[in-house]
$ cat start.cif   # mmCIF, C-alpha atoms
data_data
loop_
_atom_site.group_PDB
_atom_site.id
_atom_site.type_symbol
_atom_site.label_atom_id
_atom_site.label_comp_id
_atom_site.auth_asym_id
_atom_site.auth_seq_id
_atom_site.Cartn_x
_atom_site.Cartn_y
_atom_site.Cartn_z
ATOM 1 C CA MET A 14 44.314 33.313 9.119
ATOM 2 C CA MET A 15 47.064 32.240 6.726
ATOM 3 C CA LEU A 16 45.069 33.540 3.787
ATOM 4 C CA LEU A 17 44.545 36.894 5.495
ATOM 5 C CA ALA A 18 48.249 37.171 6.268
ATOM 6 C CA PHE A 19 49.107 36.343 2.660
ATOM 7 C CA VAL A 20 46.686 38.937 1.301
ATOM 8 C CA LEU A 21 48.088 41.534 3.721
ATOM 9 C CA PHE A 22 51.627 40.654 2.651
ATOM 10 C CA VAL A 23 50.731 41.017 -1.038
ATOM 11 C CA MET A 24 49.080 44.389 -0.418
ATOM 12 C CA ILE A 25 52.106 45.680 1.481
ATOM 13 C CA VAL A 26 54.475 44.553 -1.279
ATOM 14 C CA PHE A 27 52.185 46.083 -3.920
ATOM 15 C CA TRP A 28 51.973 49.500 -2.269
ATOM 16 C CA LEU A 29 55.669 49.532 -1.432
ATOM 17 C CA SER A 30 56.364 48.871 -5.113
ATOM 18 C CA VAL A 31 54.031 51.669 -6.174
ATOM 19 C CA TYR A 32 55.588 54.094 -3.712
ATOM 20 C CA GLY A 33 59.090 53.016 -4.696
ATOM 21 C CA LEU A 34 58.377 53.809 -8.349
ATOM 22 C CA PHE A 35 56.830 57.124 -7.375
ATOM 23 C CA TRP A 36 59.820 58.115 -5.246
ATOM 24 C CA TYR A 37 62.312 57.098 -7.918
ATOM 25 C CA ILE A 38 60.599 58.988 -10.756
ATOM 26 C CA PHE A 39 58.916 62.021 -9.224
ATOM 27 C CA CYS A 40 60.918 62.920 -6.103
ATOM 28 C CA TYR A 41 64.177 64.848 -6.329
ATOM 29 C CA PRO A 42 65.413 65.835 -2.850
ATOM 30 C CA GLU A 43 67.981 68.614 -2.540
ATOM 31 C CA ARG A 44 70.731 66.214 -1.470
ATOM 32 C CA LYS A 45 70.477 64.481 -4.861
ATOM 33 C CA ARG A 46 70.520 67.629 -6.985
ATOM 34 C CA PRO A 47 73.836 68.005 -8.808
ATOM 35 C CA ASN A 48 76.286 70.852 -8.663
ATOM 36 C CA ALA A 49 76.582 72.328 -12.145
ATOM 37 C CA HIS A 50 80.343 71.774 -12.051
ATOM 38 C CA HIS A 51 79.922 68.029 -11.420
ATOM 39 C CA ILE A 52 78.976 66.907 -14.904
ATOM 40 C CA PRO A 53 77.833 63.254 -15.041
ATOM 41 C CA GLU A 54 79.926 60.768 -16.946
ATOM 42 C CA SER A 55 76.954 59.558 -18.936
ATOM 43 C CA ALA A 56 76.904 58.713 -22.629
ATOM 44 C CA LEU A 57 74.947 61.914 -23.336
ATOM 45 C CA TYR A 58 77.623 64.175 -21.866
ATOM 46 C CA LYS A 59 80.836 62.177 -22.323
ATOM 47 C CA THR A 60 81.861 63.875 -25.576
ATOM 48 C CA TYR A 61 80.962 67.356 -24.355
ATOM 49 C CA ARG A 62 82.267 67.466 -20.787
ATOM 50 C CA GLU A 63 85.005 70.017 -21.525
ATOM 51 C CA LEU A 64 82.631 72.193 -23.539
ATOM 52 C CA MET A 65 80.002 72.027 -20.790
ATOM 53 C CA GLN A 66 82.552 72.899 -18.118
ATOM 54 C CA LYS A 67 83.522 76.020 -20.050
ATOM 55 C CA GLY A 68 79.837 76.899 -20.371
ATOM 56 C CA VAL A 69 79.303 76.549 -16.628
ATOM 57 C CA GLU A 70 82.343 78.710 -15.895
ATOM 58 C CA ASP A 71 81.184 81.332 -18.399
ATOM 59 C CA MET A 72 77.806 81.506 -16.712
ATOM 60 C CA ASP A 73 79.432 81.704 -13.264
ATOM 61 C CA ASN A 74 81.634 84.584 -14.411
ATOM 62 C CA THR A 75 78.817 86.533 -16.036
ATOM 63 C CA PRO A 76 77.201 89.126 -13.733
ATOM 64 C CA GLY A 77 73.603 88.304 -12.951
ATOM 65 C CA GLU A 78 70.806 88.824 -10.460
ATOM 66 C CA ASP A 79 69.164 86.122 -8.343
ATOM 67 C CA VAL A 80 65.391 86.362 -8.695
ATOM 68 C CA SER A 81 62.475 84.386 -7.308
ATOM 69 C CA ILE A 82 58.686 84.074 -7.469
ATOM 70 C CA ILE A 83 56.062 82.085 -5.571
ATOM 71 C CA SER A 84 54.173 79.476 -7.588
ATOM 72 C CA ARG A 85 50.393 79.147 -7.567
ATOM 73 C CA ASP A 86 50.727 76.254 -5.095
ATOM 74 C CA GLY A 87 53.110 78.067 -2.759
ATOM 75 C CA CYS A 88 56.565 76.901 -3.924
ATOM 76 C CA MET A 89 59.437 79.347 -4.092
ATOM 77 C CA LEU A 90 60.856 79.211 -7.607
ATOM 78 C CA CYS A 91 64.322 80.586 -8.222
ATOM 79 C CA GLY A 92 66.220 81.779 -11.250
ATOM 80 C CA ARG A 93 69.084 83.974 -12.360
ATOM 81 C CA LEU A 94 68.615 86.986 -14.609
ATOM 82 C CA TYR A 95 71.310 88.175 -17.015
ATOM 83 C CA VAL A 96 70.816 91.617 -18.545
ATOM 84 C CA PHE A 97 73.169 92.125 -21.468
ATOM 85 C CA ARG A 98 71.493 95.133 -23.046
ATOM 86 C CA LYS A 99 68.791 97.529 -21.923
ATOM 87 C CA LYS A 100 65.550 97.499 -23.902
ATOM 88 C CA ALA A 101 66.462 94.168 -25.506
ATOM 89 C CA PRO A 102 63.966 91.279 -25.619
ATOM 90 C CA LEU A 103 64.054 88.728 -22.807
ATOM 91 C CA MET A 104 64.322 84.974 -23.129
ATOM 92 C CA ILE A 105 63.129 82.804 -20.214
ATOM 93 C CA PHE A 106 64.740 79.364 -20.255
ATOM 94 C CA PHE A 107 63.488 76.139 -18.642
ATOM 95 C CA HIS A 108 65.720 73.065 -18.313
ATOM 96 C CA GLY A 109 64.799 69.392 -18.445
ATOM 97 C CA TYR A 110 64.182 66.500 -16.061
ATOM 98 C CA HIS A 111 67.026 66.270 -13.517
ATOM 99 C CA GLY A 112 68.697 68.983 -15.558
ATOM 100 C CA VAL A 113 70.696 72.085 -14.741
ATOM 101 C CA PRO A 114 70.252 75.432 -16.549
ATOM 102 C CA ALA A 115 73.976 75.660 -17.287
ATOM 103 C CA TRP A 116 73.930 72.252 -19.014
ATOM 104 C CA ASP A 117 70.621 72.219 -20.848
ATOM 105 C CA GLY A 118 70.718 75.937 -21.588
ATOM 106 C CA TYR A 119 74.255 75.984 -22.982
ATOM 107 C CA GLY A 120 73.136 76.973 -26.475
ATOM 108 C CA PHE A 121 70.477 79.497 -25.566
ATOM 109 C CA PHE A 122 72.693 81.251 -23.020
ATOM 110 C CA LYS A 123 75.572 81.458 -25.479
ATOM 111 C CA ILE A 124 73.324 82.869 -28.200
ATOM 112 C CA CYS A 125 71.763 85.421 -25.861
ATOM 113 C CA LYS A 126 75.083 86.625 -24.512
ATOM 114 C CA LYS A 127 76.610 86.863 -27.980
ATOM 115 C CA HIS A 128 73.712 88.769 -29.511
ATOM 116 C CA GLY A 129 72.518 90.912 -26.605
ATOM 117 C CA ILE A 130 69.283 89.128 -25.736
ATOM 118 C CA ASN A 131 68.604 89.244 -22.004
ATOM 119 C CA ILE A 132 67.945 85.853 -20.435
ATOM 120 C CA LEU A 133 66.394 84.489 -17.253
ATOM 121 C CA MET A 134 67.588 80.951 -16.440
ATOM 122 C CA ALA A 135 64.887 79.367 -14.271
ATOM 123 C CA ASP A 136 65.332 76.452 -11.883
ATOM 124 C CA GLN A 137 62.329 74.218 -12.433
ATOM 125 C CA ARG A 138 60.364 73.170 -9.340
ATOM 126 C CA ALA A 139 62.151 70.461 -7.325
ATOM 127 C CA HIS A 140 65.425 71.363 -9.073
ATOM 128 C CA GLY A 141 68.351 73.596 -8.198
ATOM 129 C CA LYS A 142 67.468 76.243 -5.627
ATOM 130 C CA SER A 143 63.738 76.019 -6.285
ATOM 131 C CA ARG A 144 61.394 74.410 -3.801
ATOM 132 C CA GLY A 145 58.752 71.837 -4.555
ATOM 133 C CA ARG A 146 58.443 68.212 -3.533
ATOM 134 C CA PHE A 147 57.712 66.592 -6.869
ATOM 135 C CA ILE A 148 58.597 66.749 -10.546
ATOM 136 C CA THR A 149 55.391 66.590 -12.590
ATOM 137 C CA PHE A 150 56.630 66.418 -16.206
ATOM 138 C CA GLY A 151 54.984 69.685 -17.196
ATOM 139 C CA ILE A 152 51.625 69.243 -15.458
ATOM 140 C CA ARG A 153 52.410 71.841 -12.773
ATOM 141 C CA GLU A 154 55.530 73.281 -14.418
ATOM 142 C CA ARG A 155 53.346 74.825 -17.138
ATOM 143 C CA TYR A 156 51.818 77.132 -14.522
ATOM 144 C CA ASP A 157 55.337 78.027 -13.358
ATOM 145 C CA CYS A 158 56.241 78.996 -16.939
ATOM 146 C CA LYS A 159 53.216 81.257 -17.078
ATOM 147 C CA GLN A 160 54.075 82.877 -13.752
ATOM 148 C CA TRP A 161 57.666 83.542 -14.795
ATOM 149 C CA ALA A 162 56.313 85.161 -17.964
ATOM 150 C CA GLU A 163 53.922 87.299 -15.909
ATOM 151 C CA TYR A 164 56.764 88.282 -13.576
ATOM 152 C CA ALA A 165 58.876 89.360 -16.549
ATOM 153 C CA ALA A 166 56.001 91.218 -18.209
ATOM 154 C CA GLN A 167 55.323 93.158 -15.022
ATOM 155 C CA ARG A 168 58.978 93.912 -14.342
ATOM 156 C CA PHE A 169 60.053 94.915 -17.854
ATOM 157 C CA GLY A 170 56.820 96.345 -19.189
ATOM 158 C CA GLU A 171 54.762 96.024 -22.335
ATOM 159 C CA LYS A 172 57.563 97.196 -24.628
ATOM 160 C CA THR A 173 59.795 94.215 -23.835
ATOM 161 C CA ASP A 174 59.148 91.151 -25.945
ATOM 162 C CA ILE A 175 59.499 87.784 -24.221
ATOM 163 C CA PHE A 176 60.610 84.461 -25.705
ATOM 164 C CA LEU A 177 59.937 81.242 -23.774
ATOM 165 C CA ALA A 178 62.510 78.516 -24.418
ATOM 166 C CA GLY A 179 63.011 75.047 -23.025
ATOM 167 C CA VAL A 180 64.836 71.771 -23.441
ATOM 168 C CA SER A 181 63.195 68.340 -23.006
ATOM 169 C CA MET A 182 60.753 68.593 -20.055
ATOM 170 C CA GLY A 183 61.312 72.356 -20.152
ATOM 171 C CA ALA A 184 60.250 72.450 -23.795
ATOM 172 C CA ALA A 185 57.138 70.391 -23.056
ATOM 173 C CA SER A 186 56.312 72.682 -20.121
ATOM 174 C CA VAL A 187 56.635 75.780 -22.309
ATOM 175 C CA LEU A 188 54.356 74.293 -24.958
ATOM 176 C CA MET A 189 51.794 73.241 -22.336
ATOM 177 C CA SER A 190 51.828 76.740 -20.821
ATOM 178 C CA SER A 191 50.623 78.213 -24.101
ATOM 179 C CA GLU A 192 47.051 77.063 -23.422
ATOM 180 C CA LEU A 193 46.901 78.956 -20.110
ATOM 181 C CA GLY A 194 46.759 82.463 -21.517
ATOM 182 C CA LEU A 195 50.266 83.909 -21.580
ATOM 183 C CA PRO A 196 51.019 87.655 -21.405
ATOM 184 C CA GLN A 197 50.653 89.418 -24.751
ATOM 185 C CA THR A 198 54.350 90.276 -24.656
ATOM 186 C CA VAL A 199 55.258 86.601 -25.159
ATOM 187 C CA LYS A 200 56.115 86.616 -28.842
ATOM 188 C CA ALA A 201 57.779 83.247 -29.478
ATOM 189 C CA LEU A 202 58.281 79.727 -28.129
ATOM 190 C CA LEU A 203 61.452 77.727 -28.722
ATOM 191 C CA ALA A 204 61.140 74.014 -27.936
ATOM 192 C CA ASP A 205 64.251 71.820 -28.067
ATOM 193 C CA CYS A 206 63.617 68.037 -27.942
ATOM 194 C CA GLY A 207 60.309 68.364 -26.116
ATOM 195 C CA TYR A 208 58.074 65.329 -25.723
ATOM 196 C CA SER A 209 54.497 65.230 -26.923
ATOM 197 C CA GLU A 210 52.837 63.797 -23.788
ATOM 198 C CA PRO A 211 53.974 62.948 -20.222
ATOM 199 C CA ALA A 212 52.340 59.524 -20.519
ATOM 200 C CA ALA A 213 53.984 58.881 -23.883
ATOM 201 C CA ILE A 214 57.516 59.623 -22.665
ATOM 202 C CA MET A 215 56.908 57.457 -19.591
ATOM 203 C CA LYS A 216 55.788 54.533 -21.718
ATOM 204 C CA GLU A 217 58.647 55.002 -24.170
ATOM 205 C CA THR A 218 61.199 54.983 -21.357
ATOM 206 C CA VAL A 219 59.644 51.895 -19.780
ATOM 207 C CA ARG A 220 59.695 50.119 -23.134
ATOM 208 C CA LYS A 221 63.402 50.888 -23.621
ATOM 209 C CA MET A 222 64.096 49.465 -20.164
ATOM 210 C CA GLY A 223 62.565 46.167 -21.248
ATOM 211 C CA LEU A 224 59.730 46.300 -18.706
ATOM 212 C CA PRO A 225 56.067 45.471 -19.401
ATOM 213 C CA VAL A 226 54.713 48.814 -20.576
ATOM 214 C CA ARG A 227 51.032 48.611 -19.632
ATOM 215 C CA LEU A 228 51.598 47.196 -16.150
ATOM 216 C CA THR A 229 54.537 49.453 -15.273
ATOM 217 C CA TYR A 230 52.814 52.592 -16.530
ATOM 218 C CA ALA A 231 49.669 51.667 -14.588
ATOM 219 C CA LEU A 232 51.746 51.460 -11.392
ATOM 220 C CA ILE A 233 53.523 54.734 -12.172
ATOM 221 C CA SER A 234 50.233 56.499 -12.901
ATOM 222 C CA LEU A 235 48.652 55.120 -9.739
ATOM 223 C CA GLY A 236 51.578 56.258 -7.603
ATOM 224 C CA ALA A 237 51.472 59.718 -9.152
ATOM 225 C CA ARG A 238 47.764 60.069 -8.342
ATOM 226 C CA VAL A 239 47.875 58.620 -4.821
ATOM 227 C CA PHE A 240 51.136 60.058 -3.490
ATOM 228 C CA GLY A 241 51.601 63.202 -5.582
ATOM 229 C CA HIS A 242 48.031 64.071 -6.641
ATOM 230 C CA ILE A 243 49.371 64.222 -10.200
ATOM 231 C CA ASP A 244 47.281 63.225 -13.198
ATOM 232 C CA LEU A 245 49.814 62.452 -15.936
ATOM 233 C CA GLU A 246 47.105 62.705 -18.588
ATOM 234 C CA GLU A 247 45.643 66.011 -17.399
ATOM 235 C CA THR A 248 47.132 67.818 -20.370
ATOM 236 C CA THR A 249 49.733 67.378 -23.087
ATOM 237 C CA ALA A 250 51.966 69.505 -25.257
ATOM 238 C CA LEU A 251 50.312 67.849 -28.247
ATOM 239 C CA SER A 252 46.866 69.132 -27.281
ATOM 240 C CA ALA A 253 48.214 72.582 -26.394
ATOM 241 C CA VAL A 254 49.862 73.267 -29.772
ATOM 242 C CA LYS A 255 46.612 72.551 -31.619
ATOM 243 C CA SER A 256 45.329 75.948 -30.482
ATOM 244 C CA LEU A 257 48.691 77.704 -30.396
ATOM 245 C CA GLN A 258 48.763 81.268 -31.749
ATOM 246 C CA ILE A 259 52.377 82.140 -30.910
ATOM 247 C CA PRO A 260 55.176 81.392 -33.416
ATOM 248 C CA VAL A 261 57.113 78.287 -32.409
ATOM 249 C CA LEU A 262 60.479 76.789 -33.309
ATOM 250 C CA PHE A 263 60.957 73.053 -32.829
ATOM 251 C CA LEU A 264 64.553 71.860 -32.506
ATOM 252 C CA HIS A 265 65.553 68.212 -32.201
ATOM 253 C CA GLY A 266 68.644 66.031 -32.418
ATOM 254 C CA LYS A 267 68.394 63.457 -35.183
ATOM 255 C CA GLN A 268 69.943 60.743 -33.001
ATOM 256 C CA ASP A 269 67.884 61.528 -29.893
ATOM 257 C CA SER A 270 67.869 58.333 -27.821
ATOM 258 C CA ILE A 271 65.406 59.524 -25.153
ATOM 259 C CA VAL A 272 62.697 61.635 -26.801
ATOM 260 C CA SER A 273 61.875 60.137 -30.170
ATOM 261 C CA LEU A 274 62.093 62.356 -33.219
ATOM 262 C CA THR A 275 58.572 61.210 -34.050
ATOM 263 C CA MET A 276 57.319 63.215 -31.062
ATOM 264 C CA SER A 277 58.771 66.350 -32.612
ATOM 265 C CA ASP A 278 57.132 65.387 -35.912
ATOM 266 C CA ALA A 279 53.753 65.089 -34.179
ATOM 267 C CA LEU A 280 54.127 68.420 -32.377
ATOM 268 C CA TYR A 281 55.145 70.209 -35.557
ATOM 269 C CA GLU A 282 52.332 68.720 -37.628
ATOM 270 C CA SER A 283 49.725 69.508 -34.951
ATOM 271 C CA SER A 284 50.811 73.093 -34.283
ATOM 272 C CA ALA A 285 48.281 75.659 -35.464
ATOM 273 C CA SER A 286 50.663 78.640 -35.328
ATOM 274 C CA GLN A 287 53.498 79.882 -37.497
ATOM 275 C CA LYS A 288 56.149 77.225 -37.083
ATOM 276 C CA GLU A 289 59.584 76.027 -38.055
ATOM 277 C CA ARG A 290 61.373 72.763 -37.386
ATOM 278 C CA VAL A 291 65.113 72.140 -37.466
ATOM 279 C CA VAL A 292 66.768 68.740 -36.979
ATOM 280 C CA ILE A 293 70.400 68.802 -35.913
ATOM 281 C CA GLU A 294 72.436 66.037 -37.534
ATOM 282 C CA GLY A 295 74.421 63.804 -35.191
ATOM 283 C CA ALA A 296 72.867 65.203 -32.007
ATOM 284 C CA ASP A 297 71.525 63.059 -29.175
ATOM 285 C CA HIS A 298 69.105 64.178 -26.487
ATOM 286 C CA ALA A 299 69.515 67.756 -25.209
ATOM 287 C CA ASN A 300 72.938 68.251 -26.776
ATOM 288 C CA SER A 301 72.063 69.721 -30.181
ATOM 289 C CA ALA A 302 73.710 73.058 -29.363
ATOM 290 C CA MET A 303 76.919 71.316 -28.289
ATOM 291 C CA THR A 304 76.924 69.029 -31.333
ATOM 292 C CA ASP A 305 76.578 71.810 -33.904
ATOM 293 C CA PHE A 306 76.382 75.247 -32.333
ATOM 294 C CA GLU A 307 76.626 77.023 -35.672
ATOM 295 C CA ALA A 308 73.535 75.274 -37.043
ATOM 296 C CA TYR A 309 71.703 75.741 -33.736
ATOM 297 C CA GLU A 310 72.515 79.444 -33.586
ATOM 298 C CA LYS A 311 71.560 79.963 -37.217
ATOM 299 C CA ALA A 312 68.191 78.266 -36.680
ATOM 300 C CA VAL A 313 67.352 80.365 -33.607
ATOM 301 C CA LEU A 314 68.415 83.686 -35.157
ATOM 302 C CA ARG A 315 66.640 82.998 -38.438
ATOM 303 C CA PHE A 316 63.447 82.121 -36.571
ATOM 304 C CA LEU A 317 63.552 85.253 -34.381
ATOM 305 C CA CYS A 318 64.256 87.333 -37.456
ATOM 306 C CA GLN A 319 61.576 85.913 -39.728
ATOM 307 C CA LYS A 320 58.827 85.346 -37.149
ATOM 308 C CA CYS A 321 59.478 88.137 -34.632
ATOM 309 C CA GLY A 322 61.163 90.839 -36.713
ATOM 310 C CA TYR A 323 64.481 90.899 -34.857
ATOM 311 C CA CYS A 324 67.693 91.194 -36.815
ATOM 312 C CA PHE A 325 71.030 90.997 -35.090
ATOM 313 C CA ALA A 326 74.153 93.125 -35.182
ATOM 314 C CA ASN A 327 76.353 90.290 -36.463
ATOM 315 C CA GLY A 328 75.681 91.064 -40.085
ATOM 316 C CA ASN A 329 72.291 89.369 -40.317
ATOM 317 C CA THR A 330 70.260 91.645 -42.598
ATOM 318 C CA SER A 331 67.961 89.053 -44.149
ATOM 319 C CA CYS A 332 64.792 90.586 -42.793
ATOM 320 C CA LYS A 333 63.317 93.923 -41.860
ATOM 321 C CA GLY A 334 62.835 94.668 -38.225
ATOM 322 C CA GLU A 335 64.541 95.981 -35.150
ATOM 323 C CA THR A 336 68.294 95.523 -34.964
ATOM 324 C CA ILE A 337 69.479 94.920 -31.411
#
$ encode --input "start.cif" --output "structure tokens"
Amino acid sequence: MMLLAFVLFVMIVFWLSVYGLFWYIFCYPERKRPNAHHIPESALYKTYRELMQKGVEDMDNTPGEDVSIISRDGCMLCGRLYVFRKKAPLMIFFHGYHGVPAWDGYGFFKICKKHGINILMADQRAHGKSRGRFITFGIRERYDCKQWAEYAAQRFGEKTDIFLAGVSMGAASVLMSSELGLPQTVKALLADCGYSEPAAIMKETVRKMGLPVRLTYALISLGARVFGHIDLEETTALSAVKSLQIPVLFLHGKQDSIVSLTMSDALYESSASQKERVVIEGADHANSAMTDFEAYEKAVLRFLCQKCGYCFANGNTSCKGETI
């Protein structure tokens, strides 16, 4: 009887531990989701709080339209559309894990507004106003990226080019979506500090926390499968880019403390499409645009000019194409 009680106790503790890890990593209830104006006092944002606050206020004061779609698994996904110029291309932006469009998308929004590129800032599932119970590190978000692209293609028509952009988990999701068959109007991908594989970023984070990697990841993976029906190794950005046909720009901060620069190296080397890679000196994770906006802007505009044929009305005449 004592042995049975002990075994039962161990099993309860084990499954509580597994569920606890699952809840901590994959669940993001609405009550925990931050207001864009309440910028965390973390090391990543400490230097840029004032800049980020101005970015949030700029986005708040810019006229836009609330839009939404229903995901393939029935979640309402929300976003905000900013139309700066009719007949201009459209960028669709996806933020990172526990991120906010106004924070992670600071650089892309600023570039789009300045140069007349329309932009749709999407709330990833289980973030912001979007529904969804779990964050899946790109496994399900990749289908959301595709559906946002299909929504945009249907709404704006075949003459409107679409660029998919993301930061961190958003970048990985965008890259993963490329293997699903995106609309033909998607002409470019822009991936800022995206990780190569969900499993790899999990293991890297666990290692940095000083925990046993193999055991902890096994518990995380088990919890994802049992409680969220999520297979963290179902697909990867690394496998997706090997068959990529769309031009892609990889951006990464040289001092990224969360997603290793080696992941960007692997993605770039494995990509089968036209590609460029720009490393921003002095930038940590997801703050490259805030660290050196001029270099970030230059990289994005040069890429869109050389790979997509768009020149911009700010004096950029380095390539032939449509001036917007």
$ resolve_selection --input "start.cif" --expression "the PyMOL selection byres ((chain A and resi 191-196) around 7)" --output "list of chain:residue names"
A:Lys159, A:Ala162, A:Glu163, A:Ala166, A:Val187, A:Leu188, A:Met189, A:Ser190, A:Gln197, A:Thr198, A:Val199, A:Ala253, A:Leu257
$ resolve_selection --input "start.cif" --expression "the PyMOL selection byres ((chain A and resi 305) around 10)" --output "JSON, numbers by chain"
{"A": [120, 266, 293, 294, 295, 296, 300, 301, 302, 303, 304, 306, 307, 308, 309, 310]}
$ write_last_selection --input "start.cif" --atoms "C-alpha atoms" --output "PDB file, in the coordinates of the input"
ATOM      1  CA  GLY A 120      73.136  76.973 -26.475  1.00  0.00           C
ATOM      2  CA  GLY A 266      68.644  66.031 -32.418  1.00  0.00           C
ATOM      3  CA  ILE A 293      70.400  68.802 -35.913  1.00  0.00           C
ATOM      4  CA  GLU A 294      72.436  66.037 -37.534  1.00  0.00           C
ATOM      5  CA  GLY A 295      74.421  63.804 -35.191  1.00  0.00           C
ATOM      6  CA  ALA A 296      72.867  65.203 -32.007  1.00  0.00           C
ATOM      7  CA  ASN A 300      72.938  68.251 -26.776  1.00  0.00           C
ATOM      8  CA  SER A 301      72.063  69.721 -30.181  1.00  0.00           C
ATOM      9  CA  ALA A 302      73.710  73.058 -29.363  1.00  0.00           C
ATOM     10  CA  MET A 303      76.919  71.316 -28.289  1.00  0.00           C
ATOM     11  CA  THR A 304      76.924  69.029 -31.333  1.00  0.00           C
ATOM     12  CA  PHE A 306      76.382  75.247 -32.333  1.00  0.00           C
ATOM     13  CA  GLU A 307      76.626  77.023 -35.672  1.00  0.00           C
ATOM     14  CA  ALA A 308      73.535  75.274 -37.043  1.00  0.00           C
ATOM     15  CA  TYR A 309      71.703  75.741 -33.736  1.00  0.00           C
ATOM     16  CA  GLU A 310      72.515  79.444 -33.586  1.00  0.00           C
TER      17      GLU A 310
END
$ resolve_selection --input "start.cif" --expression "the PyMOL selection byres ((chain A and resi 39) around 7)" --output "PyMOL selection string"
chain A and resi 35-38+40-41+147-149
$ closest_residue --input "start.cif" --among "A:Phe22, A:Trp161, A:Trp28, A:Phe121" --to "Val80 in chain A" --atoms "all atoms listed in the file"
A:Trp161
$ closest_residue --input "start.cif" --among "A:Met222, A:Gln66, A:Lys127, A:Pro211" --to "Leu314 in chain A" --atoms "only C-alpha atoms"
A:Lys127
$ closest_atom_pairs --input "start.cif" --of "range 149-208 of chain A" --to "range 104-113 of chain A" --cutoff "7 Å" --atoms "all atoms listed in the file" --output "tab-separated table"
residue	atom	partner	partner_atom	distance
A:Ile175	CA	A:Met104	CA	5.7
A:Phe176	CA	A:Met104	CA	4.5
A:Leu177	CA	A:Ile105	CA	5.0
A:Ala178	CA	A:Phe106	CA	4.8
A:Gly179	CA	A:Phe107	CA	4.5
A:Val180	CA	A:His108	CA	5.4
A:Ser181	CA	A:Gly109	CA	4.9
A:Met182	CA	A:Gly109	CA	4.4
A:Gly183	CA	A:Phe107	CA	4.6
$ residues_around --input "start.cif" --residues "Glu43 in chain A" --least-positions-apart "6" --cutoff "8 Å" --atoms "all atoms listed in the file" --output "VMD selection string"
chain A and resid 139 to 141
$ residues_around --input "start.cif" --residues "Val239 in chain A" --least-positions-apart "3" --cutoff "12 Å" --atoms "only C-alpha atoms" --output "list in words"
Trp28, Val31, Tyr32, Phe35, Trp36, Leu232, Ile233, Ser234, Leu235, Gly236, His242, Ile243, Asp244 and Leu245 of chain A
$ closest_residue --input "start.cif" --among "A:Arg46, A:Arg146, A:His128, A:His298" --to "Asp86 in chain A" --atoms "only C-alpha atoms"
A:Arg146
$ atom_distance --input "start.cif" --atom1 "CA of Glu210 in chain A" --atom2 "CA of Ser84 in chain A"
22.6 Å
$ residues_near_point --input "start.cif" --point "(53.3, 70.7, -32.2)" --cutoff "12 Å" --atoms "all atoms listed in the file" --output "JSON, numbers by chain"
{"A": [184, 185, 187, 188, 189, 191, 202, 203, 204, 205, 206, 207, 208, 209, 210, 249, 250, 251, 252, 253, 254, 255, 256, 257, 258, 259, 260, 261, 262, 263, 264, 275, 276, 277, 278, 279, 280, 281, 282, 283, 284, 285, 286, 287, 288, 289, 290]}
$ closest_residue --input "start.cif" --among "A:Ala115, A:Leu90, A:Ile82, A:Lys99" --to "His50 in chain A" --atoms "only C-alpha atoms"
A:Ala115
$ closest_residue --input "start.cif" --among "A:Gln319, A:Lys59, A:Lys100, A:Val313" --to "Cys125 in chain A" --atoms "all atoms listed in the file"
A:Val313
$ closest_residue --input "start.cif" --among "A:Leu274, A:Leu34, A:Leu64, A:Ile83" --to "Val219 in chain A" --atoms "only C-alpha atoms"
A:Leu34
$ axis_aligned_box --input "start.cif" --around "range 116-121 of chain A" --padding-each-side "3 Å" --output "JSON"
{"center_x": 72.4, "center_y": 75.9, "center_z": -22.7, "size_x": 9.8, "size_y": 13.3, "size_z": 13.5}
$ atom_distance --input "start.cif" --atom1 "CA of His51 in chain A" --atom2 "CA of Met134 in chain A"
18.6 Å
$ decode --input "start.cif" --residues "range 36-41 of chain A" --atoms "N, CA, C and O atoms" --output "PDB file, in the first residue's frame"
ATOM      1  N   TRP A  36       1.975  25.349 -19.059  1.00  0.00           N
ATOM      2  CA  TRP A  36       1.230  26.582 -18.810  1.00  0.00           C
ATOM      3  C   TRP A  36       2.143  27.795 -18.872  1.00  0.00           C
ATOM      4  O   TRP A  36       1.805  28.821 -19.460  1.00  0.00           O
ATOM      5  N   TYR A  37       3.318  27.672 -18.296  1.00  0.00           N
ATOM      6  CA  TYR A  37       4.254  28.796 -18.236  1.00  0.00           C
ATOM      7  C   TYR A  37       4.747  29.203 -19.625  1.00  0.00           C
ATOM      8  O   TYR A  37       4.887  30.388 -19.925  1.00  0.00           O
ATOM      9  N   ILE A  38       4.987  28.240 -20.494  1.00  0.00           N
ATOM     10  CA  ILE A  38       5.598  28.513 -21.796  1.00  0.00           C
ATOM     11  C   ILE A  38       4.575  28.786 -22.893  1.00  0.00           C
ATOM     12  O   ILE A  38       4.745  29.712 -23.692  1.00  0.00           O
ATOM     13  N   PHE A  39       3.502  28.011 -22.930  1.00  0.00           N
ATOM     14  CA  PHE A  39       2.610  28.051 -24.085  1.00  0.00           C
ATOM     15  C   PHE A  39       1.321  28.838 -23.866  1.00  0.00           C
ATOM     16  O   PHE A  39       0.677  29.230 -24.848  1.00  0.00           O
ATOM     17  N   CYS A  40       0.914  29.051 -22.634  1.00  0.00           N
ATOM     18  CA  CYS A  40      -0.354  29.727 -22.363  1.00  0.00           C
ATOM     19  C   CYS A  40      -0.125  31.211 -22.086  1.00  0.00           C
ATOM     20  O   CYS A  40       0.814  31.573 -21.364  1.00  0.00           O
ATOM     21  N   TYR A  41      -0.986  32.036 -22.644  1.00  0.00           N
ATOM     22  CA  TYR A  41      -0.847  33.486 -22.485  1.00  0.00           C
ATOM     23  C   TYR A  41      -2.239  34.104 -22.363  1.00  0.00           C
ATOM     24  O   TYR A  41      -2.759  34.697 -23.307  1.00  0.00           O
TER      25      TYR A  41
END
